$ cat model.txt   # compact mmCIF, C-alpha atoms
# COMPACT_ATOMS: atom_id res chain seq x y z
CA MET U 1 8.60 1.57 23.50
CA LYS U 2 5.05 0.46 24.19
CA SER U 3 2.78 -1.71 22.07
CA HIS U 4 -0.92 -2.46 22.01
CA THR U 5 -2.67 -5.13 19.91
CA GLU U 6 -6.36 -5.71 19.29
CA TYR U 7 -8.43 -7.61 16.75
CA LEU U 8 -11.68 -6.55 15.09
CA TRP U 9 -14.08 -9.18 13.74
CA PHE U 10 -16.49 -8.72 10.83
CA ASN U 11 -19.25 -10.85 9.38
CA THR U 12 -21.00 -8.75 6.76
CA PRO U 13 -24.51 -9.55 5.47
CA ASN U 14 -23.56 -9.05 1.80
CA ARG U 15 -20.86 -10.43 -0.45
CA ARG U 16 -19.43 -6.92 -0.80
CA ASP U 17 -19.65 -4.26 1.92
CA TYR U 18 -17.78 -1.08 2.85
CA LEU U 19 -17.67 -0.29 6.58
CA ARG U 20 -16.29 2.90 8.13
CA ILE U 21 -14.10 1.86 11.07
CA THR U 22 -12.39 5.15 12.00
CA ASP U 23 -14.20 5.37 15.36
CA GLU U 24 -13.25 1.82 16.35
CA ILE U 25 -9.59 2.58 15.56
CA ASP U 26 -9.82 5.87 17.44
CA ASP U 27 -11.06 4.05 20.57
CA ILE U 28 -8.18 1.58 20.40
CA VAL U 29 -5.67 4.45 20.08
CA THR U 30 -7.17 6.12 23.17
CA LYS U 31 -7.08 2.86 25.12
CA SER U 32 -3.40 2.28 24.19
CA LYS U 33 -2.39 5.59 25.85
CA ILE U 34 0.36 5.86 23.22
CA GLN U 35 1.09 9.53 22.42
CA GLU U 36 3.49 9.29 19.47
CA GLY U 37 3.58 6.24 17.21
CA PHE U 38 2.17 4.24 14.33
CA CYS U 39 -1.12 2.34 14.21
CA LEU U 40 -1.16 -0.52 11.70
CA VAL U 41 -4.60 -1.68 10.55
CA SER U 42 -4.33 -4.82 8.43
CA ALA U 43 -6.88 -7.28 7.01
CA MET U 44 -5.93 -10.82 8.11
CA HIS U 45 -8.12 -12.47 5.45
CA ILE U 46 -7.07 -12.27 1.84
CA THR U 47 -10.36 -11.23 0.26
CA ALA U 48 -10.76 -7.94 2.19
CA SER U 49 -9.15 -4.50 2.09
CA ILE U 50 -8.34 -1.70 4.48
CA TYR U 51 -8.23 1.69 2.77
CA VAL U 52 -8.53 5.41 3.51
CA ASN U 53 -10.91 7.54 1.48
CA ASP U 54 -14.07 9.66 1.66
CA ALA U 55 -17.19 8.73 3.67
CA GLU U 56 -19.53 9.60 0.78
CA SER U 57 -22.12 7.06 -0.32
CA GLY U 58 -21.95 7.97 -4.03
CA LEU U 59 -18.19 7.53 -4.06
CA ILE U 60 -18.49 4.16 -2.32
CA GLU U 61 -20.83 2.99 -5.08
CA ASP U 62 -18.35 4.36 -7.65
CA ILE U 63 -15.53 2.39 -6.01
CA ASP U 64 -17.59 -0.79 -5.99
CA GLU U 65 -18.60 -0.48 -9.66
CA TRP U 66 -15.07 0.46 -10.69
CA LEU U 67 -13.51 -2.51 -8.86
CA ASP U 68 -16.03 -4.88 -10.40
CA GLY U 69 -15.06 -3.50 -13.81
CA LEU U 70 -11.37 -4.12 -13.13
CA ALA U 71 -11.87 -7.60 -11.60
CA PRO U 72 -15.40 -8.85 -12.36
CA PHE U 73 -17.31 -11.20 -10.09
CA GLY U 74 -18.58 -14.29 -11.92
CA LYS U 75 -15.63 -14.56 -14.34
CA ASP U 76 -14.14 -18.00 -14.78
CA TYR U 77 -10.92 -17.62 -12.74
CA ARG U 78 -8.41 -20.49 -12.51
CA HIS U 79 -8.68 -20.14 -8.72
CA HIS U 80 -12.22 -21.55 -8.99
CA MET U 81 -10.81 -25.00 -9.84
CA THR U 82 -10.27 -25.27 -6.04
CA GLY U 83 -14.04 -25.04 -5.51
CA GLU U 84 -13.97 -21.36 -4.50
CA ASP U 85 -15.96 -18.65 -6.33
CA ASN U 86 -14.04 -15.64 -4.97
CA GLY U 87 -11.22 -15.09 -7.49
CA ASP U 88 -12.49 -11.53 -8.07
CA ALA U 89 -12.27 -10.82 -4.32
CA HIS U 90 -8.56 -11.76 -4.20
CA LEU U 91 -7.87 -9.30 -7.04
CA LYS U 92 -10.13 -6.46 -5.83
CA ARG U 93 -8.41 -6.50 -2.44
CA MET U 94 -5.08 -5.81 -4.15
CA VAL U 95 -6.32 -2.69 -5.95
CA LEU U 96 -7.38 -1.02 -2.68
CA GLY U 97 -4.60 -2.58 -0.61
CA HIS U 98 -4.93 -4.65 2.55
CA GLN U 99 -3.43 -2.35 5.18
CA VAL U 100 -2.78 1.23 6.25
CA THR U 101 -0.40 2.75 8.78
CA LEU U 102 -1.95 5.68 10.65
CA PRO U 103 0.26 8.20 12.44
CA ILE U 104 -0.55 8.97 16.10
CA THR U 105 0.42 12.47 17.25
CA GLU U 106 -0.28 13.87 20.73
CA GLY U 107 -2.35 10.80 21.56
CA LYS U 108 -4.70 11.04 18.55
CA LEU U 109 -4.97 9.71 14.99
CA ASP U 110 -3.21 12.33 12.85
CA LEU U 111 -5.62 12.33 9.89
CA GLY U 112 -6.62 14.93 7.30
CA PRO U 113 -10.10 16.48 7.34
CA TRP U 114 -11.71 13.86 5.05
CA GLU U 115 -9.59 10.82 5.78
CA GLN U 116 -11.78 7.92 6.90
CA VAL U 117 -10.62 4.36 7.46
CA TYR U 118 -12.66 1.66 5.70
CA TYR U 119 -12.94 -2.10 5.88
CA ALA U 120 -13.90 -3.37 2.42
CA GLU U 121 -15.32 -6.88 2.27
CA PHE U 122 -15.31 -8.67 -1.10
CA ASP U 123 -16.36 -12.16 0.01
CA GLY U 124 -18.61 -11.65 3.00
CA ARG U 125 -20.99 -13.74 5.05
CA ARG U 126 -17.97 -15.33 6.77
CA ARG U 127 -16.19 -14.31 9.98
CA LYS U 128 -13.11 -12.22 9.09
CA ARG U 129 -10.47 -10.62 11.28
CA VAL U 130 -8.47 -7.36 11.21
CA VAL U 131 -5.39 -6.74 13.36
CA VAL U 132 -4.87 -3.28 14.89
CA LYS U 133 -1.36 -2.96 16.29
CA ILE U 134 0.12 0.21 17.74
CA ILE U 135 3.76 0.82 18.59
CA GLY U 136 5.13 4.03 20.06
CA GLU U 137 5.54 5.87 23.31
CA MET N 1 12.06 5.61 21.24
CA LYS N 2 12.14 9.01 19.54
CA SER N 3 9.65 10.53 17.14
CA HIS N 4 9.67 13.45 14.73
CA THR N 5 6.67 14.85 12.84
CA GLU N 6 6.52 17.39 10.01
CA TYR N 7 3.99 18.40 7.39
CA LEU N 8 4.59 19.27 3.74
CA TRP N 9 2.14 21.51 1.88
CA PHE N 10 1.44 21.42 -1.85
CA ASN N 11 -0.59 23.63 -4.16
CA THR N 12 0.09 22.44 -7.68
CA PRO N 13 -0.61 24.60 -10.77
CA ASN N 14 -2.29 21.77 -12.70
CA ARG N 15 -5.10 19.36 -11.95
CA ARG N 16 -2.62 16.49 -12.16
CA ASP N 17 1.04 16.78 -11.19
CA TYR N 18 3.84 14.43 -10.14
CA LEU N 19 6.43 15.93 -7.79
CA ARG N 20 9.64 14.23 -6.67
CA ILE N 21 9.93 14.77 -2.88
CA THR N 22 12.83 12.46 -1.96
CA ASP N 23 15.11 15.39 -1.03
CA GLU N 24 12.50 16.98 1.26
CA ILE N 25 12.05 13.63 3.06
CA ASP N 26 15.81 13.19 3.27
CA ASP N 27 16.17 16.59 4.98
CA ILE N 28 13.49 15.70 7.53
CA VAL N 29 15.25 12.38 8.29
CA THR N 30 18.55 14.24 8.86
CA LYS N 31 16.83 16.80 11.10
CA SER N 32 15.19 14.03 13.18
CA LYS N 33 18.64 12.58 14.11
CA ILE N 34 17.00 9.15 14.17
CA GLN N 35 19.50 6.44 13.17
CA GLU N 36 17.30 3.33 12.93
CA GLY N 37 13.57 3.54 12.30
CA PHE N 38 10.65 3.98 9.94
CA CYS N 39 9.60 7.13 8.10
CA LEU N 40 5.91 7.23 7.17
CA VAL N 41 4.97 9.58 4.31
CA SER N 42 1.20 9.81 3.94
CA ALA N 43 -1.12 12.03 1.87
CA MET N 44 -3.67 13.67 4.22
CA HIS N 45 -6.03 14.58 1.37
CA ILE N 46 -7.94 11.85 -0.36
CA THR N 47 -7.30 12.81 -3.99
CA ALA N 48 -3.49 12.52 -3.86
CA SER N 49 -0.98 9.67 -3.74
CA ILE N 50 2.46 9.01 -2.34
CA TYR N 51 4.36 6.38 -4.31
CA VAL N 52 7.90 5.17 -5.03
CA ASN N 53 9.05 4.73 -8.62
CA ASP N 54 11.47 6.02 -11.27
CA ALA N 55 12.33 9.71 -11.83
CA GLU N 56 11.97 9.37 -15.61
CA SER N 57 9.74 11.84 -17.45
CA GLY N 58 8.53 9.33 -20.07
CA LEU N 59 7.46 6.90 -17.36
CA ILE N 60 5.63 9.65 -15.50
CA GLU N 61 3.62 10.39 -18.66
CA ASP N 62 2.97 6.64 -19.03
CA ILE N 63 1.69 6.49 -15.44
CA ASP N 64 -0.59 9.49 -16.00
CA GLU N 65 -2.07 8.11 -19.24
CA TRP N 66 -2.47 4.64 -17.73
CA LEU N 67 -4.26 5.95 -14.62
CA ASP N 68 -6.58 8.05 -16.76
CA GLY N 69 -7.40 4.92 -18.75
CA LEU N 70 -8.23 3.00 -15.55
CA ALA N 71 -10.23 5.84 -13.93
CA PRO N 72 -11.03 8.51 -16.57
CA PHE N 73 -11.44 12.18 -15.73
CA GLY N 74 -14.74 13.60 -17.00
CA LYS N 75 -16.76 10.41 -16.50
CA ASP N 76 -20.13 10.79 -14.83
CA TYR N 77 -19.32 9.44 -11.35
CA ARG N 78 -22.05 9.21 -8.68
CA HIS N 79 -19.74 11.22 -6.43
CA HIS N 80 -20.39 14.23 -8.69
CA MET N 81 -23.98 14.48 -7.35
CA THR N 82 -22.30 16.23 -4.37
CA GLY N 83 -21.14 19.04 -6.68
CA GLU N 84 -17.56 17.74 -6.96
CA ASP N 85 -15.91 16.84 -10.28
CA ASN N 86 -13.04 14.76 -8.85
CA GLY N 87 -14.42 11.20 -8.73
CA ASP N 88 -11.54 10.05 -10.94
CA ALA N 89 -9.02 11.53 -8.48
CA HIS N 90 -10.42 9.47 -5.58
CA LEU N 91 -9.99 6.30 -7.66
CA LYS N 92 -6.58 7.12 -9.18
CA ARG N 93 -5.15 7.73 -5.72
CA MET N 94 -6.08 4.17 -4.73
CA VAL N 95 -4.20 2.57 -7.63
CA LEU N 96 -0.90 4.23 -6.64
CA GLY N 97 -1.60 4.15 -2.90
CA HIS N 98 -1.62 7.03 -0.46
CA GLN N 99 1.39 6.26 1.72
CA VAL N 100 4.81 4.64 1.92
CA THR N 101 6.98 3.56 4.86
CA LEU N 102 10.66 4.22 4.24
CA PRO N 103 13.31 2.39 6.29
CA ILE N 104 16.00 4.51 7.96
CA THR N 105 19.34 2.75 8.46
CA GLU N 106 22.46 4.39 9.92
CA GLY N 107 20.72 7.76 9.86
CA LYS N 108 19.77 7.70 6.16
CA LEU N 109 16.85 6.65 3.96
CA ASP N 110 17.58 3.03 3.04
CA LEU N 111 16.46 3.14 -0.61
CA GLY N 112 17.46 1.21 -3.73
CA PRO N 113 19.41 2.91 -6.54
CA TRP N 114 16.33 4.12 -8.49
CA GLU N 115 13.77 4.48 -5.69
CA GLN N 116 12.37 8.01 -5.70
CA VAL N 117 9.47 9.22 -3.56
CA TYR N 118 6.69 11.03 -5.43
CA TYR N 119 3.70 13.15 -4.48
CA ALA N 120 1.01 12.60 -7.12
CA GLU N 121 -1.74 15.21 -7.26
CA PHE N 122 -4.99 14.30 -9.01
CA ASP N 123 -7.13 17.31 -8.06
CA GLY N 124 -4.71 20.23 -7.79
CA ARG N 125 -4.94 23.98 -7.49
CA ARG N 126 -5.91 23.53 -3.82
CA ARG N 127 -3.72 23.47 -0.70
CA LYS N 128 -3.00 19.87 0.28
CA ARG N 129 -1.01 18.39 3.13
CA VAL N 130 1.29 15.39 3.60
CA VAL N 131 2.38 14.08 7.00
CA VAL N 132 5.97 12.84 7.45
CA LYS N 133 6.34 10.98 10.74
CA ILE N 134 9.45 9.17 11.88
CA ILE N 135 9.75 6.79 14.82
CA GLY N 136 12.95 5.07 15.88
CA GLU N 137 16.09 5.59 17.85
CA MET D 1 13.61 0.06 21.06
CA LYS D 2 15.54 -2.55 19.06
CA SER D 3 15.98 -2.80 15.31
CA HIS D 4 17.16 -5.51 12.93
CA THR D 5 17.87 -5.09 9.20
CA GLU D 6 18.53 -7.71 6.53
CA TYR D 7 18.45 -7.82 2.75
CA LEU D 8 17.15 -10.58 0.50
CA TRP D 9 18.49 -10.95 -3.06
CA PHE D 10 16.58 -12.38 -6.01
CA ASN D 11 17.58 -13.26 -9.56
CA THR D 12 14.61 -15.02 -11.12
CA PRO D 13 14.92 -17.21 -14.25
CA ASN D 14 11.85 -15.68 -15.95
CA ARG D 15 10.76 -12.15 -16.75
CA ARG D 16 7.81 -12.59 -14.38
CA ASP D 17 7.88 -14.79 -11.27
CA TYR D 18 5.97 -15.02 -8.00
CA LEU D 19 7.98 -16.33 -5.04
CA ARG D 20 6.58 -17.15 -1.60
CA ILE D 21 8.95 -15.62 0.98
CA THR D 22 6.98 -16.04 4.23
CA ASP D 23 9.49 -18.55 5.64
CA GLU D 24 12.49 -16.31 4.94
CA ILE D 25 10.73 -13.42 6.73
CA ASP D 26 9.79 -15.71 9.60
CA ASP D 27 13.44 -16.71 10.08
CA ILE D 28 14.53 -13.06 10.16
CA VAL D 29 11.86 -12.28 12.78
CA THR D 30 13.09 -15.18 14.95
CA LYS D 31 16.72 -14.04 14.58
CA SER D 32 15.79 -10.45 15.56
CA LYS D 33 14.45 -11.66 18.97
CA ILE D 34 11.94 -8.81 18.79
CA GLN D 35 8.70 -9.77 20.60
CA GLU D 36 6.38 -6.86 19.74
CA GLY D 37 6.91 -4.69 16.68
CA PHE D 38 6.59 -4.12 12.95
CA CYS D 39 8.43 -5.90 10.14
CA LEU D 40 8.69 -3.85 6.94
CA VAL D 41 9.32 -5.84 3.75
CA SER D 42 10.00 -3.52 0.82
CA ALA D 43 11.19 -4.07 -2.77
CA MET D 44 14.24 -1.85 -3.41
CA HIS D 45 13.94 -2.16 -7.19
CA ILE D 46 11.11 -0.41 -8.95
CA THR D 47 9.90 -3.23 -11.18
CA ALA D 48 9.02 -5.67 -8.37
CA SER D 49 6.25 -5.97 -5.77
CA ILE D 50 5.81 -7.32 -2.29
CA TYR D 51 2.24 -8.41 -1.58
CA VAL D 52 0.22 -10.66 0.72
CA ASN D 53 -2.25 -13.14 -0.76
CA ASP D 54 -3.02 -16.85 -1.19
CA ALA D 55 -0.40 -19.53 -1.97
CA GLU D 56 -2.59 -21.13 -4.65
CA SER D 57 -1.10 -21.75 -8.09
CA GLY D 58 -4.33 -21.05 -10.02
CA LEU D 59 -4.73 -17.70 -8.28
CA ILE D 60 -1.12 -16.78 -9.05
CA GLU D 61 -1.79 -17.41 -12.76
CA ASP D 62 -5.00 -15.33 -12.45
CA ILE D 63 -3.00 -12.48 -10.90
CA ASP D 64 -0.38 -12.63 -13.66
CA GLU D 65 -2.96 -12.64 -16.47
CA TRP D 66 -4.97 -9.88 -14.81
CA LEU D 67 -1.93 -7.64 -14.33
CA ASP D 68 -0.89 -8.16 -17.93
CA GLY D 69 -4.39 -7.10 -19.00
CA LEU D 70 -4.16 -3.91 -16.91
CA ALA D 71 -0.58 -3.05 -17.99
CA PRO D 72 0.40 -5.18 -21.01
CA PHE D 73 3.98 -6.24 -21.73
CA GLY D 74 5.09 -5.29 -25.25
CA LYS D 75 3.06 -2.06 -25.45
CA ASP D 76 4.88 0.98 -26.79
CA TYR D 77 5.44 2.91 -23.52
CA ARG D 78 7.13 6.33 -23.58
CA HIS D 79 9.56 4.92 -21.00
CA HIS D 80 11.01 2.73 -23.78
CA MET D 81 12.56 5.83 -25.44
CA THR D 82 15.27 5.37 -22.74
CA GLY D 83 16.19 1.98 -24.25
CA GLU D 84 14.32 -0.03 -21.60
CA ASP D 85 11.52 -2.50 -22.42
CA ASN D 86 10.02 -2.74 -18.93
CA GLY D 87 7.37 0.02 -18.86
CA ASP D 88 4.73 -2.59 -18.02
CA ALA D 89 6.79 -3.78 -15.03
CA HIS D 90 6.85 -0.28 -13.50
CA LEU D 91 3.03 -0.14 -13.74
CA LYS D 92 2.31 -3.72 -12.62
CA ARG D 93 4.39 -3.18 -9.48
CA MET D 94 2.11 -0.28 -8.51
CA VAL D 95 -1.09 -2.35 -8.71
CA LEU D 96 0.20 -4.93 -6.20
CA GLY D 97 2.22 -2.42 -4.17
CA HIS D 98 5.91 -2.53 -3.32
CA GLN D 99 5.85 -3.11 0.43
CA VAL D 100 3.99 -4.59 3.37
CA THR D 101 4.24 -4.04 7.11
CA LEU D 102 3.78 -7.25 9.10
CA PRO D 103 2.85 -7.12 12.79
CA ILE D 104 5.01 -9.15 15.20
CA THR D 105 3.18 -10.36 18.32
CA GLU D 106 4.75 -12.56 21.02
CA GLY D 107 7.83 -13.02 18.87
CA LYS D 108 6.01 -14.28 15.76
CA LEU D 109 4.52 -12.89 12.54
CA ASP D 110 0.90 -12.12 13.41
CA LEU D 111 -0.72 -13.33 10.15
CA GLY D 112 -4.14 -14.72 9.28
CA PRO D 113 -4.56 -18.38 8.30
CA TRP D 114 -4.02 -17.85 4.56
CA GLU D 115 -1.78 -14.78 4.54
CA GLN D 116 1.41 -15.52 2.61
CA VAL D 117 4.07 -12.96 1.71
CA TYR D 118 5.10 -12.88 -1.96
CA TYR D 119 7.90 -11.32 -3.97
CA ALA D 120 6.56 -10.58 -7.46
CA GLU D 121 9.16 -10.00 -10.16
CA PHE D 122 8.07 -8.22 -13.34
CA ASP D 123 11.47 -7.69 -15.00
CA GLY D 124 13.61 -10.62 -13.90
CA ARG D 125 16.92 -12.13 -14.90
CA ARG D 126 18.66 -9.31 -13.00
CA ARG D 127 19.85 -9.18 -9.37
CA LYS D 128 17.22 -7.40 -7.24
CA ARG D 129 17.13 -6.58 -3.56
CA VAL D 130 14.46 -6.48 -0.84
CA VAL D 131 14.94 -4.81 2.55
CA VAL D 132 13.49 -6.47 5.66
CA LYS D 133 13.60 -4.09 8.61
CA ILE D 134 12.13 -4.79 12.04
CA ILE D 135 11.65 -2.30 14.84
CA GLY D 136 10.17 -3.11 18.23
CA GLU D 137 11.05 -4.51 21.59
$ encode --input "model.txt" --output "structure tokens"
Amino acid sequence: MKSHTEYLWFNTPNRRDYLRITDEIDDIVTKSKIQEGFCLVSAMHITASIYVNDAESGLIEDIDEWLDGLAPFGKDYRHHMTGEDNGDAHLKRMVLGHQVTLPITEGKLDLGPWEQVYYAEFDGRRRKRVVVKIIGE
Amino acid sequence: MKSHTEYLWFNTPNRRDYLRITDEIDDIVTKSKIQEGFCLVSAMHITASIYVNDAESGLIEDIDEWLDGLAPFGKDYRHHMTGEDNGDAHLKRMVLGHQVTLPITEGKLDLGPWEQVYYAEFDGRRRKRVVVKIIGE
Amino acid sequence: MKSHTEYLWFNTPNRRDYLRITDEIDDIVTKSKIQEGFCLVSAMHITASIYVNDAESGLIEDIDEWLDGLAPFGKDYRHHMTGEDNGDAHLKRMVLGHQVTLPITEGKLDLGPWEQVYYAEFDGRRRKRVVVKIIGE
């Protein structure tokens, strides 16, 4: 078994941002030289998500509006007694999930025609990290 | 390390359908001859889910009604500017998630007494694919 | 490739409880002696979640209140025709998810500074099981 571990860093200009990272993951898979395996992509900060969906700008706005309906920014969360203002971000990240496992087949990400990997930031303007870990052979 | 990869195809008669696929996954695990490992089951189309829950028809109707409350079909999503009418399906699939990792122990799926694997279709009547990839030994 | 499998049992005093289990997982990782790999933590009962978020008591109360808003306890779910009263628990567990995959790097859980692993119980006062399975080398 082989393994390969890298970290991606993000510092987004806005509080909420949605960044397509499929190409970055693809490059790491190529570098790993692993032919058959799993690639875990996982947000290491607890106010961000990793998800797979369409690279379509209208849909991304739909997702953002929908999430803010389910877990509104600016609500008076108990978590804010700690001095934070990001209670909504902790909840939003759980709707989309914080990690995906991507299959690697014949040395490439084994994705469907419209599957794109996204980093979703819900409390930006801070340095945040994502772990990309591949195991396989 | 060994690996085994198969694809399941679905073309459901209705827009929304919930199909129990535990037996299909079980057969693939047996065929792989892997004794200890992980089995990834992941929807390759972005308007479908893979989830684990109860095989109880009332609950499945509850899930469907609940999801349609959270992300209603027929709403005027921005995504529909592209000509699609499936904005709700992209959102519903994120609530249930699009993949599960099933442990394999002593050559069998290591599931609890009521754990059943489901394919949930939110934009059916099209051919859709699911990847089943096992790694282990 | 090596593998290591253990099971954790829970029997919480309340219907809903949120238990930090990072240390238990950490101990299992150490015992496995696996240096590079993946640790799957997965709820084997279908009214519980495994999730990663902050160990902050206010946030945990926010999560509980938020989930009960999205899938209220005491509603008349179709699932209750079976004699059960836990329809809400089946839905809540799907918002938070039922499993996480934790990277292991240099023999340790490779987590961000605030990542904590939680067992969320939504239908407690019964014995429930969680599988912890590690594969790697």
$ residues_around --input "model.txt" --residues "range 91-108 of chain D" --least-positions-apart "4" --cutoff "7 Å" --atoms "only C-alpha atoms" --output "PyMOL selection string"
(chain U and resi 94-95+133) or (chain N and resi 63+95-96) or (chain D and resi 29-30+33-43+47-51+67+71+87)
$ atom_distance --input "model.txt" --atom1 "CA of Met44 in chain N" --atom2 "CA of Ser3 in chain D"
27.9 Å
$ closest_residue --input "model.txt" --among "U:Tyr77, U:Trp66, U:Trp9, U:Tyr18" --to "chain D" --atoms "all atoms listed in the file"
U:Tyr77
$ atom_distance --input "model.txt" --atom1 "CA of Asp62 in chain N" --atom2 "CA of Phe122 in chain N"
14.9 Å
$ atom_distance --input "model.txt" --atom1 "CA of Glu61 in chain D" --atom2 "CA of Trp114 in chain D"
17.5 Å
$ closest_residue --input "model.txt" --among "D:Arg15, D:Arg20, D:Lys75, D:Arg126" --to "chain N" --atoms "all atoms listed in the file"
D:Lys75
$ interface_residues --input "model.txt" --of "chain N" --to "chain D" --cutoff "6 Å" --atoms "only C-alpha atoms" --output "number ranges by chain"
N: 1, 53, 58-59, 95-96, 112
$ residues_around --input "model.txt" --residues "Thr22 in chain N" --least-positions-apart "3" --cutoff "9 Å" --atoms "only C-alpha atoms" --output "ChimeraX atom specification"
/N:25-27,115-118
$ closest_residue --input "model.txt" --among "U:Asp85, U:Ile28, U:Ala55, U:Tyr7" --to "Leu111 in chain D" --atoms "all atoms listed in the file"
U:Tyr7
$ residues_around --input "model.txt" --residues "Arg127 in chain N" --least-positions-apart "5" --cutoff "9 Å" --atoms "all atoms listed in the file" --output "list in words"
Trp9, Phe10, Asn11 and Thr12 of chain N
$ closest_residue --input "model.txt" --among "N:Pro13, N:Asp23, N:Glu137, N:Gly74" --to "Asn86 in chain N" --atoms "all atoms listed in the file"
N:Gly74
$ decode --input "model.txt" --residues "range 102-115 of chain D" --atoms "N, CA, C and O atoms" --output "PDB file, in the first residue's frame"
ATOM      1  N   LEU D 102     -11.421   9.571   9.028  1.00  0.00           N
ATOM      2  CA  LEU D 102     -10.372  10.416   9.599  1.00  0.00           C
ATOM      3  C   LEU D 102      -9.023   9.975   9.056  1.00  0.00           C
ATOM      4  O   LEU D 102      -8.679   8.786   9.117  1.00  0.00           O
ATOM      5  N   PRO D 103      -8.239  10.909   8.503  1.00  0.00           N
ATOM      6  CA  PRO D 103      -6.908  10.540   8.026  1.00  0.00           C
ATOM      7  C   PRO D 103      -5.972  10.251   9.191  1.00  0.00           C
ATOM      8  O   PRO D 103      -6.040  10.917  10.221  1.00  0.00           O
ATOM      9  N   ILE D 104      -5.115   9.257   9.019  1.00  0.00           N
ATOM     10  CA  ILE D 104      -4.045   8.967   9.991  1.00  0.00           C
ATOM     11  C   ILE D 104      -2.714   9.265   9.309  1.00  0.00           C
ATOM     12  O   ILE D 104      -2.437   8.709   8.236  1.00  0.00           O
ATOM     13  N   THR D 105      -1.913  10.146   9.894  1.00  0.00           N
ATOM     14  CA  THR D 105      -0.628  10.534   9.332  1.00  0.00           C
ATOM     15  C   THR D 105       0.432  10.415  10.426  1.00  0.00           C
ATOM     16  O   THR D 105       0.225  10.916  11.534  1.00  0.00           O
ATOM     17  N   GLU D 106       1.528   9.738  10.124  1.00  0.00           N
ATOM     18  CA  GLU D 106       2.590   9.500  11.113  1.00  0.00           C
ATOM     19  C   GLU D 106       2.045   8.942  12.421  1.00  0.00           C
ATOM     20  O   GLU D 106       2.440   9.375  13.521  1.00  0.00           O
ATOM     21  N   GLY D 107       1.098   8.016  12.302  1.00  0.00           N
ATOM     22  CA  GLY D 107       0.603   7.297  13.467  1.00  0.00           C
ATOM     23  C   GLY D 107      -0.439   8.002  14.305  1.00  0.00           C
ATOM     24  O   GLY D 107      -0.873   7.480  15.331  1.00  0.00           O
ATOM     25  N   LYS D 108      -0.858   9.221  13.859  1.00  0.00           N
ATOM     26  CA  LYS D 108      -1.826   9.997  14.653  1.00  0.00           C
ATOM     27  C   LYS D 108      -2.994  10.483  13.793  1.00  0.00           C
ATOM     28  O   LYS D 108      -2.838  10.681  12.579  1.00  0.00           O
ATOM     29  N   LEU D 109      -4.136  10.724  14.430  1.00  0.00           N
ATOM     30  CA  LEU D 109      -5.263  11.362  13.746  1.00  0.00           C
ATOM     31  C   LEU D 109      -4.801  12.711  13.211  1.00  0.00           C
ATOM     32  O   LEU D 109      -4.263  13.523  13.973  1.00  0.00           O
ATOM     33  N   ASP D 110      -5.012  12.933  11.928  1.00  0.00           N
ATOM     34  CA  ASP D 110      -4.556  14.165  11.270  1.00  0.00           C
ATOM     35  C   ASP D 110      -5.728  15.160  11.230  1.00  0.00           C
ATOM     36  O   ASP D 110      -6.380  15.337  10.205  1.00  0.00           O
ATOM     37  N   LEU D 111      -5.984  15.806  12.395  1.00  0.00           N
ATOM     38  CA  LEU D 111      -7.151  16.688  12.544  1.00  0.00           C
ATOM     39  C   LEU D 111      -6.719  18.140  12.684  1.00  0.00           C
ATOM     40  O   LEU D 111      -5.619  18.425  13.166  1.00  0.00           O
ATOM     41  N   GLY D 112      -7.601  19.055  12.300  1.00  0.00           N
ATOM     42  CA  GLY D 112      -7.372  20.479  12.500  1.00  0.00           C
ATOM     43  C   GLY D 112      -7.500  20.844  13.974  1.00  0.00           C
ATOM     44  O   GLY D 112      -7.949  20.024  14.798  1.00  0.00           O
ATOM     45  N   PRO D 113      -7.133  22.086  14.329  1.00  0.00           N
ATOM     46  CA  PRO D 113      -7.034  22.480  15.733  1.00  0.00           C
ATOM     47  C   PRO D 113      -8.344  22.344  16.523  1.00  0.00           C
ATOM     48  O   PRO D 113      -8.306  22.135  17.736  1.00  0.00           O
ATOM     49  N   TRP D 114      -9.493  22.522  15.848  1.00  0.00           N
ATOM     50  CA  TRP D 114     -10.755  22.458  16.589  1.00  0.00           C
ATOM     51  C   TRP D 114     -11.621  21.267  16.185  1.00  0.00           C
ATOM     52  O   TRP D 114     -12.753  21.157  16.597  1.00  0.00           O
ATOM     53  N   GLU D 115     -11.093  20.386  15.364  1.00  0.00           N
ATOM     54  CA  GLU D 115     -11.899  19.231  14.942  1.00  0.00           C
ATOM     55  C   GLU D 115     -12.053  18.236  16.094  1.00  0.00           C
ATOM     56  O   GLU D 115     -11.059  17.691  16.582  1.00  0.00           O
TER      57      GLU D 115
END
